[in-house]
$ cat work-v9.cif   # mmCIF, C-alpha atoms and all ligand atoms
data_work
loop_
_atom_site.label_atom_id
_atom_site.label_comp_id
_atom_site.auth_asym_id
_atom_site.auth_seq_id
_atom_site.Cartn_x
_atom_site.Cartn_y
_atom_site.Cartn_z
CA MET A 1 1.63 18.04 -7.15
CA THR A 2 -0.49 16.43 -9.86
CA THR A 3 -2.09 13.26 -8.60
CA GLY A 4 -3.55 10.53 -10.76
CA ILE A 5 -6.47 8.48 -9.48
CA ILE A 6 -7.00 5.10 -11.12
CA TRP A 7 -10.58 3.91 -11.00
CA SER A 8 -12.92 1.62 -12.91
CA ASP A 9 -16.69 1.27 -12.41
CA ARG A 10 -16.05 -2.46 -12.81
CA TYR A 11 -14.13 -2.62 -9.50
CA PRO A 12 -17.16 -2.35 -7.15
CA GLU A 13 -19.14 -4.71 -9.43
CA GLU A 14 -16.61 -7.49 -9.95
CA GLY A 15 -14.13 -7.05 -7.09
CA HIS A 16 -13.52 -9.48 -4.26
CA MET A 17 -16.72 -9.68 -2.25
CA LEU A 18 -15.09 -8.68 1.05
CA LEU A 19 -13.22 -5.72 -0.43
CA LYS A 20 -15.60 -4.28 -3.01
CA GLU A 21 -18.38 -2.80 -0.84
CA ARG A 22 -16.10 0.02 0.37
CA LEU A 23 -15.12 1.12 -3.12
CA LYS A 24 -18.15 3.02 -4.40
CA PRO A 25 -18.75 4.89 -1.11
CA ALA A 26 -15.07 5.92 -1.05
CA PHE A 27 -15.12 7.06 -4.68
CA ASN A 28 -18.41 8.91 -4.27
CA TYR A 29 -17.08 10.63 -1.18
CA LEU A 30 -14.24 12.06 -3.29
CA LYS A 31 -16.95 13.53 -5.54
CA THR A 32 -18.84 14.94 -2.53
CA MET A 33 -15.64 16.58 -1.33
CA LYS A 34 -15.13 18.05 -4.84
CA ILE A 35 -11.75 16.37 -5.24
CA PHE A 36 -12.21 15.97 -8.98
CA GLU A 37 -12.78 19.70 -9.43
CA ASN A 38 -9.26 20.39 -8.22
CA PRO A 39 -6.75 21.05 -11.02
CA ASN A 40 -4.18 18.88 -9.22
CA ILE A 41 -6.32 15.77 -9.73
CA LYS A 42 -6.57 13.64 -12.87
CA LEU A 43 -8.78 10.58 -13.20
CA TYR A 44 -7.80 7.56 -15.31
CA GLU A 45 -9.40 4.28 -16.40
CA PRO A 46 -7.22 1.20 -16.04
CA ILE A 47 -6.31 -1.12 -18.88
CA PRO A 48 -5.66 -4.83 -18.22
CA ALA A 49 -2.07 -5.88 -17.50
CA SER A 50 -0.39 -7.80 -20.32
CA GLU A 51 -0.37 -11.61 -20.14
CA GLU A 52 3.34 -11.50 -20.86
CA ILE A 53 4.13 -9.50 -17.73
CA ILE A 54 1.77 -11.53 -15.55
CA GLN A 55 3.46 -14.74 -16.72
CA LYS A 56 6.85 -13.33 -15.83
CA ILE A 57 5.70 -13.05 -12.21
CA HIS A 58 3.34 -16.00 -11.69
CA THR A 59 3.60 -19.65 -12.71
CA LYS A 60 1.23 -21.10 -15.31
CA ASP A 61 -0.13 -23.56 -12.71
CA MET A 62 -1.01 -20.80 -10.34
CA LEU A 63 -2.72 -18.76 -13.06
CA VAL A 64 -4.92 -21.76 -13.93
CA LYS A 65 -6.05 -21.80 -10.30
CA VAL A 66 -6.65 -18.04 -10.28
CA LYS A 67 -8.79 -18.36 -13.42
CA ALA A 68 -10.90 -21.00 -11.67
CA THR A 69 -11.86 -18.46 -8.96
CA GLY A 70 -13.57 -16.20 -11.50
CA TYR A 71 -11.52 -13.21 -10.39
CA TYR A 72 -8.79 -13.40 -13.04
CA GLU A 73 -10.11 -10.74 -15.42
CA ILE A 74 -10.80 -8.17 -12.70
CA ALA A 75 -7.43 -8.89 -11.04
CA LYS A 76 -5.76 -8.36 -14.41
CA LEU A 77 -7.54 -5.02 -14.84
CA THR A 78 -6.53 -4.01 -11.31
CA ALA A 79 -2.87 -4.90 -11.83
CA GLY A 80 -2.95 -3.06 -15.16
CA GLY A 81 -4.29 0.01 -13.36
CA CYS A 82 -1.39 -0.11 -10.91
CA ALA A 83 1.07 -0.38 -13.81
CA LEU A 84 -0.69 2.52 -15.57
CA ALA A 85 -0.06 4.72 -12.52
CA GLY A 86 3.68 4.15 -13.00
CA GLU A 87 3.56 4.77 -16.72
CA LEU A 88 1.73 8.06 -16.25
CA ILE A 89 4.43 9.23 -13.85
CA TRP A 90 7.19 8.30 -16.28
CA LYS A 91 5.39 9.99 -19.14
CA GLY A 92 5.35 13.16 -17.03
CA GLU A 93 1.54 13.41 -16.85
CA ILE A 94 1.34 13.15 -13.08
CA ASN A 95 3.71 13.28 -10.09
CA ASN A 96 2.13 10.64 -7.90
CA ALA A 97 -0.93 8.38 -7.87
CA PHE A 98 -3.56 6.54 -5.89
CA ALA A 99 -4.68 3.27 -7.49
CA PHE A 100 -8.01 1.86 -6.39
CA THR A 101 -8.03 -1.94 -6.58
CA ALA A 102 -10.73 -4.60 -6.93
CA ALA A 103 -8.49 -7.20 -5.29
CA ALA A 104 -5.41 -6.71 -3.16
CA GLY A 105 -2.02 -8.01 -4.31
CA HIS A 106 0.49 -8.64 -1.54
CA HIS A 107 -0.56 -12.25 -0.79
CA ALA A 108 -0.14 -13.28 -4.43
CA SER A 109 3.25 -14.87 -5.01
CA LYS A 110 4.96 -16.78 -7.82
CA ASP A 111 2.94 -19.91 -7.20
CA PHE A 112 0.43 -19.25 -4.43
CA PHE A 113 -2.31 -16.76 -3.67
CA TRP A 114 -4.69 -16.18 -0.78
CA GLY A 115 -6.25 -13.41 1.32
CA PHE A 116 -8.28 -11.65 -1.43
CA CYS A 117 -5.21 -11.48 -3.71
CA TYR A 118 -4.86 -13.03 -7.19
CA ILE A 119 -2.14 -11.15 -9.06
CA ASN A 120 0.62 -9.22 -7.36
CA ASN A 121 -0.19 -5.61 -8.22
CA ALA A 122 3.12 -4.17 -7.01
CA ALA A 123 5.08 -6.75 -9.01
CA VAL A 124 3.17 -5.96 -12.21
CA LEU A 125 3.88 -2.26 -11.64
CA VAL A 126 7.58 -2.94 -11.06
CA GLU A 127 7.95 -5.23 -14.09
CA THR A 128 6.14 -2.79 -16.36
CA LEU A 129 8.37 0.12 -15.39
CA LYS A 130 11.51 -2.02 -15.68
CA GLU A 131 10.55 -3.15 -19.13
CA LYS A 132 8.99 -0.08 -20.67
CA HIS A 133 10.79 2.78 -18.94
CA ASN A 134 14.05 1.23 -17.84
CA VAL A 135 13.38 2.08 -14.18
CA LYS A 136 15.83 0.19 -12.03
CA LYS A 137 15.25 0.67 -8.33
CA PHE A 138 12.06 0.45 -6.33
CA LEU A 139 11.17 0.66 -2.66
CA ILE A 140 7.94 -1.04 -1.61
CA VAL A 141 6.57 0.01 1.77
CA ASP A 142 3.78 -2.20 3.05
CA THR A 143 1.72 -1.01 6.02
CA ASP A 144 -1.22 -3.37 5.52
CA PRO A 145 -1.32 -5.10 8.94
CA HIS A 146 -1.02 -8.56 7.38
CA PHE A 147 2.39 -9.91 6.39
CA GLY A 148 2.93 -9.30 2.66
CA ASP A 149 4.18 -12.83 2.03
CA GLY A 150 3.58 -12.82 -1.74
CA THR A 151 5.57 -9.66 -2.36
CA TRP A 152 8.25 -10.87 0.04
CA GLU A 153 8.78 -14.08 -1.89
CA ILE A 154 8.67 -12.52 -5.36
CA PHE A 155 11.38 -9.97 -4.58
CA GLU A 156 13.40 -12.03 -2.12
CA ASN A 157 16.43 -12.24 -4.39
CA ASP A 158 15.90 -9.07 -6.39
CA GLU A 159 18.62 -6.60 -5.57
CA ASN A 160 16.75 -3.79 -7.31
CA VAL A 161 13.64 -3.93 -5.15
CA PHE A 162 13.72 -3.17 -1.45
CA HIS A 163 10.74 -4.45 0.51
CA LEU A 164 10.07 -2.69 3.83
CA GLU A 165 7.20 -4.54 5.38
CA PHE A 166 5.31 -3.81 8.61
CA HIS A 167 2.65 -6.08 10.04
CA GLY A 168 0.71 -6.69 13.24
CA GLY A 169 1.40 -9.43 15.78
CA GLY A 170 3.10 -12.75 15.07
CA PRO A 171 6.60 -13.49 16.36
CA LEU A 172 7.76 -10.09 17.46
CA ASP A 173 11.20 -10.26 15.92
CA PRO A 174 12.19 -8.57 12.65
CA LYS A 175 12.99 -10.86 9.73
CA PHE A 176 15.65 -10.00 7.16
CA GLY A 177 15.97 -10.96 3.53
CA LYS A 178 18.67 -9.97 1.09
CA ASN A 179 16.96 -6.69 0.29
CA SER A 180 13.99 -6.84 2.56
CA VAL A 181 12.96 -6.44 6.13
CA SER A 182 9.77 -7.46 7.83
CA VAL A 183 9.00 -5.52 10.99
CA PRO A 184 6.32 -6.93 13.29
CA LEU A 185 4.59 -4.47 15.60
CA PRO A 186 2.28 -5.57 18.43
CA SER A 187 -1.38 -6.07 17.49
CA GLU A 188 -2.49 -3.31 19.90
CA SER A 189 -0.19 -0.73 18.28
CA ARG A 190 -1.72 2.69 17.72
CA ASP A 191 -0.93 5.64 15.45
CA GLU A 192 2.05 6.79 17.51
CA HIS A 193 3.67 3.31 17.46
CA VAL A 194 3.29 2.55 13.76
CA LEU A 195 4.22 6.12 12.83
CA TYR A 196 7.33 5.92 14.96
CA ALA A 197 8.48 2.76 13.16
CA VAL A 198 7.73 4.15 9.69
CA GLU A 199 9.36 7.50 10.42
CA LYS A 200 12.49 6.00 11.92
CA LEU A 201 13.04 3.39 9.21
CA LEU A 202 11.72 4.73 5.93
CA GLU A 203 14.03 7.64 5.33
CA PRO A 204 17.37 6.04 6.25
CA ILE A 205 16.51 2.94 4.22
CA ALA A 206 15.41 5.04 1.24
CA GLU A 207 18.53 7.22 1.47
CA ASN A 208 20.73 4.19 1.59
CA PHE A 209 19.00 2.27 -1.20
CA GLY A 210 18.22 5.15 -3.58
CA PRO A 211 14.93 4.06 -5.18
CA GLU A 212 13.49 5.84 -8.22
CA LEU A 213 9.95 5.17 -7.02
CA LEU A 214 8.19 4.60 -3.69
CA ILE A 215 5.27 2.16 -3.75
CA TRP A 216 2.98 2.14 -0.73
CA GLU A 217 0.73 -0.84 -0.05
CA PHE A 218 -1.97 0.85 2.02
CA GLY A 219 -4.46 -1.31 3.93
CA HIS A 220 -7.06 0.42 6.08
CA ASP A 221 -7.79 -2.93 7.72
CA ALA A 222 -5.28 -1.52 10.26
CA HIS A 223 -7.98 0.88 11.49
CA HIS A 224 -9.43 0.20 14.95
CA GLN A 225 -12.87 -0.38 13.39
CA ASP A 226 -11.67 -2.59 10.56
CA TYR A 227 -10.74 -6.29 10.52
CA GLY A 228 -6.92 -6.35 10.80
CA ALA A 229 -4.43 -5.93 13.64
CA TRP A 230 -3.43 -2.50 15.04
CA GLN A 231 -5.66 0.26 16.29
CA LEU A 232 -4.95 3.04 13.83
CA THR A 233 -7.11 6.05 13.05
CA VAL A 234 -7.72 8.00 9.86
CA HIS A 235 -5.28 10.64 11.17
CA GLY A 236 -2.64 7.94 11.52
CA PHE A 237 -3.07 6.97 7.87
CA THR A 238 -2.76 10.56 6.66
CA LYS A 239 0.34 11.05 8.80
CA ILE A 240 1.93 7.96 7.24
CA ALA A 241 1.02 9.44 3.84
CA LYS A 242 2.78 12.69 4.79
CA THR A 243 5.90 10.79 5.84
CA LEU A 244 5.96 8.94 2.52
CA MET A 245 5.45 12.19 0.60
CA LYS A 246 8.32 13.83 2.45
CA THR A 247 10.67 10.93 1.77
CA SER A 248 9.65 10.57 -1.87
CA LYS A 249 10.30 14.28 -2.45
CA LYS A 250 13.71 14.02 -0.85
CA ILE A 251 14.81 10.80 -2.54
CA CYS A 252 12.96 10.33 -5.82
CA ASP A 253 11.47 13.58 -6.99
CA GLY A 254 8.11 12.94 -5.31
CA LYS A 255 7.44 9.74 -7.25
CA LEU A 256 5.00 7.83 -5.07
CA ILE A 257 2.22 5.36 -5.90
CA VAL A 258 -0.33 4.21 -3.35
CA LEU A 259 -1.90 0.81 -3.99
CA LEU A 260 -5.10 0.15 -2.09
CA SER A 261 -4.79 -3.08 -0.11
CA GLY A 262 -6.99 -4.56 2.66
CA GLY A 263 -9.96 -3.05 4.49
CA SER A 264 -13.72 -3.36 4.33
CA ASN A 265 -15.25 -0.68 6.55
CA GLU A 266 -16.77 1.86 4.16
CA ASN A 267 -16.61 4.85 6.51
CA VAL A 268 -12.96 4.18 7.19
CA ALA A 269 -12.34 3.81 3.45
CA LYS A 270 -14.12 7.10 2.70
CA GLN A 271 -12.22 9.22 5.21
CA SER A 272 -8.81 7.63 4.86
CA ILE A 273 -8.73 7.53 1.06
CA TYR A 274 -9.95 11.13 0.91
CA GLY A 275 -7.23 12.13 3.41
CA ILE A 276 -4.48 10.27 1.56
CA ILE A 277 -5.41 11.59 -1.88
CA SER A 278 -5.60 15.15 -0.52
CA THR A 279 -2.15 14.65 1.01
CA LEU A 280 -0.72 13.38 -2.29
CA ALA A 281 -2.20 16.31 -4.23
CA GLU A 282 -1.37 18.81 -1.47
CA ILE A 283 -4.98 19.94 -1.17
CA PRO A 284 -6.07 21.20 2.27
CA PHE A 285 -8.47 18.72 3.86
CA LYS A 286 -10.18 17.82 7.07
CA ALA A 287 -10.66 14.09 7.28
CA GLU A 288 -12.53 12.91 10.32
CA ASP A 289 -12.01 9.75 12.25
CA THR A 290 -15.02 7.55 12.21
CA GLY A 291 -15.50 6.51 15.78
CA TYR A 292 -14.52 6.68 19.37
CA LEU A 293 -11.32 4.90 20.36
CA LEU A 294 -11.02 3.84 23.98
CA GLU A 295 -8.10 5.22 25.95
CA GLN A 296 -5.22 2.79 26.13
CA ASN A 297 -3.84 1.72 29.49
CA THR A 298 -0.52 3.52 30.10
CA ASP A 299 1.29 0.27 30.95
CA ILE A 300 0.24 -1.38 27.67
CA LYS A 301 1.18 1.77 25.77
CA GLU A 302 4.65 1.71 27.22
CA GLU A 303 5.05 -2.00 26.66
CA ILE A 304 4.19 -1.56 22.99
CA SER A 305 6.53 1.43 22.68
CA ASN A 306 9.37 -0.67 24.06
CA VAL A 307 8.82 -3.51 21.57
CA VAL A 308 8.58 -1.03 18.69
CA LYS A 309 11.74 0.83 19.73
CA LYS A 310 13.65 -2.42 20.17
CA ASN A 311 12.62 -3.64 16.71
CA VAL A 312 13.47 -0.33 15.06
CA GLU A 313 16.93 -0.40 16.67
CA LYS A 314 17.51 -3.98 15.55
CA VAL A 315 16.59 -3.14 11.97
CA LEU A 316 18.76 -0.02 11.84
CA LYS A 317 21.72 -1.89 13.28
CA ASN A 318 21.31 -4.73 10.82
CA LEU A 319 20.77 -2.70 7.67
CA LEU A 320 22.77 0.47 7.93
ZN ZN A 401 -4.53 -6.80 5.26
#

$ encode --input "work-v9.cif" --output "structure tokens"
Amino acid sequence: MTTGIIWSDRYPEEGHMLLKERLKPAFNYLKTMKIFENPNIKLYEPIPASEEIIQKIHTKDMLVKVKATGYYEIAKLTAGGCALAGELIWKGEINNAFAFTAAAGHHASKDFFWGFCYINNAAVLVETLKEKHNVKKFLIVDTDPHFGDGTWEIFENDENVFHLEFHGGGPLDPKFGKNSVSVPLPSESRDEHVLYAVEKLLEPIAENFGPELLIWEFGHDAHHQDYGAWQLTVHGFTKIAKTLMKTSKKICDGKLIVLLSGGSNENVAKQSIYGIISTLAEIPFKAEDTGYLLEQNTDIKEEISNVVKKNVEKVLKNLL
């Protein structure tokens, strides 16, 4: 597979202050691991998203507020980079892509934004491909442990975009939209729990919906040493990447774009991004987890498994 990596030296300079510190170490680690010497890897510079597309997604009032934060220009470049990943796939230059981001996107909606998000990166990608390449159907899979409320609202009534959203904690009951499902998993969930939910739900939903592209919102804040819910490891992230690769090959010719979402721990960023990019490009790798994870009490483990299984069953029953 040929994998495109979208990166700008402006991201670690101008990105959101809680997200940017991880970027340079993660990018430099790819160099250390000689990723860019592999013929399967191509590196691209982003170009800013067009005002026209941004205004299709967000209200003018909201954009005035975003501009006041000082992050508008870098968010525009980031969203443009995500859109570029899609264009490169449709031009046949690459098969899949990993887009670094200076700000996340899934908490940016039509008229609100929060949580280090200013412009909805996935929405800009979707709109660009709809407009320029006549792509019709998209499946967004969000495994950032925070609820992707912005993306949820934007695509709530869009029958061409399916939003499969997983998040940690909250009311532990799945929520259904017209073409979307939000699956809460207990905060203490580990690799096996999150993987189980993704594996059980992704493929049947994708088979049923028939997307032309899979978009993965990947937040390593789900790592046990990072700031979000769940207790995942680097191995968990790479296994999720493998599951997405498998499904994208089966359903949409391997078309898969990973958008970097939350996370601030630089060691976690280094290992997990290296592992995911290697998985996308099908390069052998040995990513290491960054720290010791305490054994989980068997009772808690089972309790979590039961909630996860129950939610997966509910979703399958409701959707298929
Ligand atoms: Zn998050």

$ residues_around --input "work-v9.cif" --residues "A:Val307" --least-positions-apart "2" --cutoff "12 Å" --atoms "all atoms listed in the file" --output "PyMOL selection string"
chain A and resi 169+171-174+183-189+193-194+196-197+300-305+309-314

$ closest_atom_pairs --input "work-v9.cif" --of "stretch 180-240 of chain A" --to "stretch 98-118 of chain A" --cutoff "10 Å" --atoms "only C-alpha atoms" --output "JSON lines"
{"residue": "A:Trp216", "atom": "CA", "partner": "A:Phe98", "partner_atom": "CA", "distance": 9.4}
{"residue": "A:Glu217", "atom": "CA", "partner": "A:His106", "partner_atom": "CA", "distance": 7.9}
{"residue": "A:Phe218", "atom": "CA", "partner": "A:Ala104", "partner_atom": "CA", "distance": 9.8}
{"residue": "A:Gly219", "atom": "CA", "partner": "A:Ala104", "partner_atom": "CA", "distance": 9.0}

$ atom_distance --input "work-v9.cif" --atom1 "atom CA of A:Asn318" --atom2 "atom CA of A:Asn120"
27.9 Å

$ closest_atom_pairs --input "work-v9.cif" --of "chain A" --to "ligand ZN 401 (chain A)" --cutoff "12 Å" --atoms "all atoms listed in the file" --output "Markdown table"
| residue | atom | partner | partner_atom | distance |
| --- | --- | --- | --- | --- |
| A:Leu18 | CA | A:ZN401 | ZN | 11.5 |
| A:Leu19 | CA | A:ZN401 | ZN | 10.4 |
| A:Ala103 | CA | A:ZN401 | ZN | 11.3 |
| A:Ala104 | CA | A:ZN401 | ZN | 8.5 |
| A:Gly105 | CA | A:ZN401 | ZN | 10.0 |
| A:His106 | CA | A:ZN401 | ZN | 8.7 |
| A:His107 | CA | A:ZN401 | ZN | 9.1 |
| A:Trp114 | CA | A:ZN401 | ZN | 11.2 |
| A:Gly115 | CA | A:ZN401 | ZN | 7.9 |
| A:Phe116 | CA | A:ZN401 | ZN | 9.1 |
| A:Cys117 | CA | A:ZN401 | ZN | 10.1 |
| A:Asp142 | CA | A:ZN401 | ZN | 9.8 |
| A:Thr143 | CA | A:ZN401 | ZN | 8.6 |
| A:Asp144 | CA | A:ZN401 | ZN | 4.8 |
| A:Pro145 | CA | A:ZN401 | ZN | 5.2 |
| A:His146 | CA | A:ZN401 | ZN | 4.5 |
| A:Phe147 | CA | A:ZN401 | ZN | 7.7 |
| A:Gly148 | CA | A:ZN401 | ZN | 8.3 |
| A:Asp149 | CA | A:ZN401 | ZN | 11.1 |
| A:Glu165 | CA | A:ZN401 | ZN | 11.9 |
| A:Phe166 | CA | A:ZN401 | ZN | 10.8 |
| A:His167 | CA | A:ZN401 | ZN | 8.7 |
| A:Gly168 | CA | A:ZN401 | ZN | 9.5 |
| A:Glu217 | CA | A:ZN401 | ZN | 9.6 |
| A:Phe218 | CA | A:ZN401 | ZN | 8.7 |
| A:Gly219 | CA | A:ZN401 | ZN | 5.6 |
| A:His220 | CA | A:ZN401 | ZN | 7.7 |
| A:Asp221 | CA | A:ZN401 | ZN | 5.6 |
| A:Ala222 | CA | A:ZN401 | ZN | 7.3 |
| A:His223 | CA | A:ZN401 | ZN | 10.5 |
| A:Asp226 | CA | A:ZN401 | ZN | 9.8 |
| A:Tyr227 | CA | A:ZN401 | ZN | 8.2 |
| A:Gly228 | CA | A:ZN401 | ZN | 6.1 |
| A:Ala229 | CA | A:ZN401 | ZN | 8.4 |
| A:Trp230 | CA | A:ZN401 | ZN | 10.7 |
| A:Leu260 | CA | A:ZN401 | ZN | 10.1 |
| A:Ser261 | CA | A:ZN401 | ZN | 6.5 |
| A:Gly262 | CA | A:ZN401 | ZN | 4.2 |
| A:Gly263 | CA | A:ZN401 | ZN | 6.6 |
| A:Ser264 | CA | A:ZN401 | ZN | 9.9 |

$ residues_around --input "work-v9.cif" --residues "A:Gly291" --least-positions-apart "4" --cutoff "12 Å" --atoms "only C-alpha atoms" --output "PyMOL selection string"
chain A and resi 223-226+231-235+265+267-268+271

$ atom_distance --input "work-v9.cif" --atom1 "atom CA of A:Pro204" --atom2 "atom CA of A:Val161"
15.6 Å

$ residues_near_point --input "work-v9.cif" --point "(5.0, 6.4, -10.7)" --cutoff "10 Å" --atoms "all atoms listed in the file" --output "ChimeraX atom specification"
/A:4,82-98,125-126,129,212-215,254-258

$ decode --input "work-v9.cif" --residues "stretch 124-137 of chain A" --atoms "N, CA, C and O atoms" --output "tab-separated table (two decimals), in the first residue's frame"
chain	number	residue	atom	x	y	z
A	124	VAL	N	-14.69	18.81	6.44
A	124	VAL	CA	-14.02	19.47	5.31
A	124	VAL	C	-13.55	18.42	4.30
A	124	VAL	O	-13.70	18.58	3.09
A	125	LEU	N	-13.03	17.31	4.81
A	125	LEU	CA	-12.61	16.21	3.94
A	125	LEU	C	-13.81	15.67	3.14
A	125	LEU	O	-13.75	15.51	1.92
A	126	VAL	N	-14.90	15.42	3.84
A	126	VAL	CA	-16.10	14.87	3.20
A	126	VAL	C	-16.63	15.84	2.13
A	126	VAL	O	-16.87	15.45	0.98
A	127	GLU	N	-16.78	17.11	2.49
A	127	GLU	CA	-17.32	18.10	1.54
A	127	GLU	C	-16.44	18.24	0.31
A	127	GLU	O	-16.93	18.37	-0.81
A	128	THR	N	-15.12	18.22	0.53
A	128	THR	CA	-14.19	18.37	-0.60
A	128	THR	C	-14.35	17.20	-1.58
A	128	THR	O	-14.41	17.40	-2.80
A	129	LEU	N	-14.42	16.00	-1.04
A	129	LEU	CA	-14.52	14.83	-1.93
A	129	LEU	C	-15.88	14.77	-2.62
A	129	LEU	O	-15.99	14.35	-3.77
A	130	LYS	N	-16.92	15.22	-1.91
A	130	LYS	CA	-18.26	15.27	-2.53
A	130	LYS	C	-18.23	16.21	-3.72
A	130	LYS	O	-18.71	15.89	-4.80
A	131	GLU	N	-17.64	17.39	-3.48
A	131	GLU	CA	-17.68	18.43	-4.48
A	131	GLU	C	-16.73	18.19	-5.65
A	131	GLU	O	-17.11	18.29	-6.81
A	132	LYS	N	-15.51	17.82	-5.32
A	132	LYS	CA	-14.50	17.73	-6.39
A	132	LYS	C	-14.42	16.36	-7.05
A	132	LYS	O	-13.95	16.24	-8.18
A	133	HIS	N	-14.79	15.31	-6.33
A	133	HIS	CA	-14.60	13.97	-6.90
A	133	HIS	C	-15.88	13.14	-6.92
A	133	HIS	O	-15.83	11.93	-7.16
A	134	ASN	N	-16.98	13.80	-6.60
A	134	ASN	CA	-18.28	13.14	-6.68
A	134	ASN	C	-18.36	11.87	-5.81
A	134	ASN	O	-19.04	10.91	-6.17
A	135	VAL	N	-17.63	11.86	-4.70
A	135	VAL	CA	-17.69	10.71	-3.79
A	135	VAL	C	-18.99	10.86	-3.01
A	135	VAL	O	-19.37	11.96	-2.60
A	136	LYS	N	-19.68	9.74	-2.82
A	136	LYS	CA	-21.02	9.87	-2.23
A	136	LYS	C	-21.12	9.36	-0.80
A	136	LYS	O	-21.80	9.95	0.01
A	137	LYS	N	-20.47	8.26	-0.51
A	137	LYS	CA	-20.72	7.65	0.81
A	137	LYS	C	-19.47	7.49	1.67
A	137	LYS	O	-18.44	6.98	1.21
